[in-house]
Amino acid sequence: MKLVMKFGGTSVGESSKIKHVASIIRDHALKGNKIVVVVSGMSGVTDGLIEAVEKAGMRDRVSIEAFVKSVARRHTQASQDTIKNGEILEQTLSLLNGQIAELEKVLVGITYLGELTPRTRDHVLSFGEKLSAIVMSGALRDVGLRTESFLGGQCGIVTDNCFGEAKPLMNITRQQVKERLGPIIEAGVVAVVSGFIGTTQDGLTTTLGRGGSDYTATILGAALQVDEVWIWT
């Protein structure tokens, strides 16, 4: 059976839940199912990013630095608690550190400019799902699965330029998702996709609005003509 399995912020909100999700995915993969996993940001992270980007627009560097450190600690701890293989953990932490550094760079850049655009806001809000997908991919590799991670745009979700409430361009999206994800899941690799995120035809990051990870799951399900889309909150 071909499945899209979407896990919301509550399902990936702490280490014990991430372990549980990894075991669910492993069990279904071992039965021969072809699986795409869509993840939301860890619970509370998107709200934190919304607050942080507003603080950045007000040039509040102190709040920004505290927030970035908090996000880094939370995802690092979740990885350390969940991933036992030293090599996989090291690779996961390296990817997390890269994304955390990029998040800090973007937020600090906003504080210098004192200006917040819808385009920049979407870029910042995308980090919750990016970080969550890194942790989940590491957790799945730790339980013996082959995985490949994608941002929404990387797996083929192309949208209009309506930042904050972007709409997918389904003709392009359907073709690209089939081309990029189809062969991967047919080969038995679990595709881990950051929910909520797309990209314009010019390569700019967009978000699909609140509840966007559910939207991502249904977009991928339609494009890949899966048997079922399963959604956990």
# chains A, B, ... in the order shown; residues from 1 in each chain; ligands from 1

call {"tool": "residues_around", "arguments": {"residues": "Ser23 in chain A", "least_positions_apart": "4", "cutoff": "9 Å", "atoms": "only C-alpha atoms", "output": "PyMOL selection string"}}
result
chain A and resi 18-19+27-28+140+143

call {"tool": "write_last_selection", "arguments": {"atoms": "C-alpha atoms", "output": "PDB file, in the first residue's frame"}}
result
ATOM      1  CA  ILE A  18       9.165  11.120  18.358  1.00  0.00           C
ATOM      2  CA  LYS A  19      10.312   7.618  19.330  1.00  0.00           C
ATOM      3  CA  ASP A  27       6.279  -1.063  11.560  1.00  0.00           C
ATOM      4  CA  HIS A  28       4.351   0.025   8.471  1.00  0.00           C
ATOM      5  CA  LEU A 140      13.949   6.853  11.421  1.00  0.00           C
ATOM      6  CA  VAL A 143      15.530   2.408  13.803  1.00  0.00           C
TER       7      VAL A 143
END

call {"tool": "closest_atom_pairs", "arguments": {"of": "range 147-169 of chain A", "to": "range 121-127 of chain A", "cutoff": "10 Å", "atoms": "only C-alpha atoms", "output": "Markdown table"}}
result
| residue | atom | partner | partner_atom | distance |
| --- | --- | --- | --- | --- |
| A:Leu151 | CA | A:Ser126 | CA | 9.2 |
| A:Gly152 | CA | A:Ser126 | CA | 9.9 |
| A:Phe163 | CA | A:Asp122 | CA | 6.4 |
| A:Gly164 | CA | A:Asp122 | CA | 6.1 |
| A:Glu165 | CA | A:Asp122 | CA | 9.5 |
| A:Ala166 | CA | A:Asp122 | CA | 9.9 |

call {"tool": "atom_distance", "arguments": {"atom1": "CA of Val36 in chain A", "atom2": "CA of Thr159 in chain A"}}
result
20.1 Å

call {"tool": "atom_distance", "arguments": {"atom1": "CA of Val71 in chain A", "atom2": "CA of Arg146 in chain A"}}
result
26.7 Å

call {"tool": "select_by_dssp", "arguments": {"residues": "range 9-230 of chain A", "states": "alpha helix (DSSP H)", "output": "PyMOL selection string"}}
result
chain A and resi 15-30+45-57+61-82+86-113+118-125+127-142+170-186+212-224
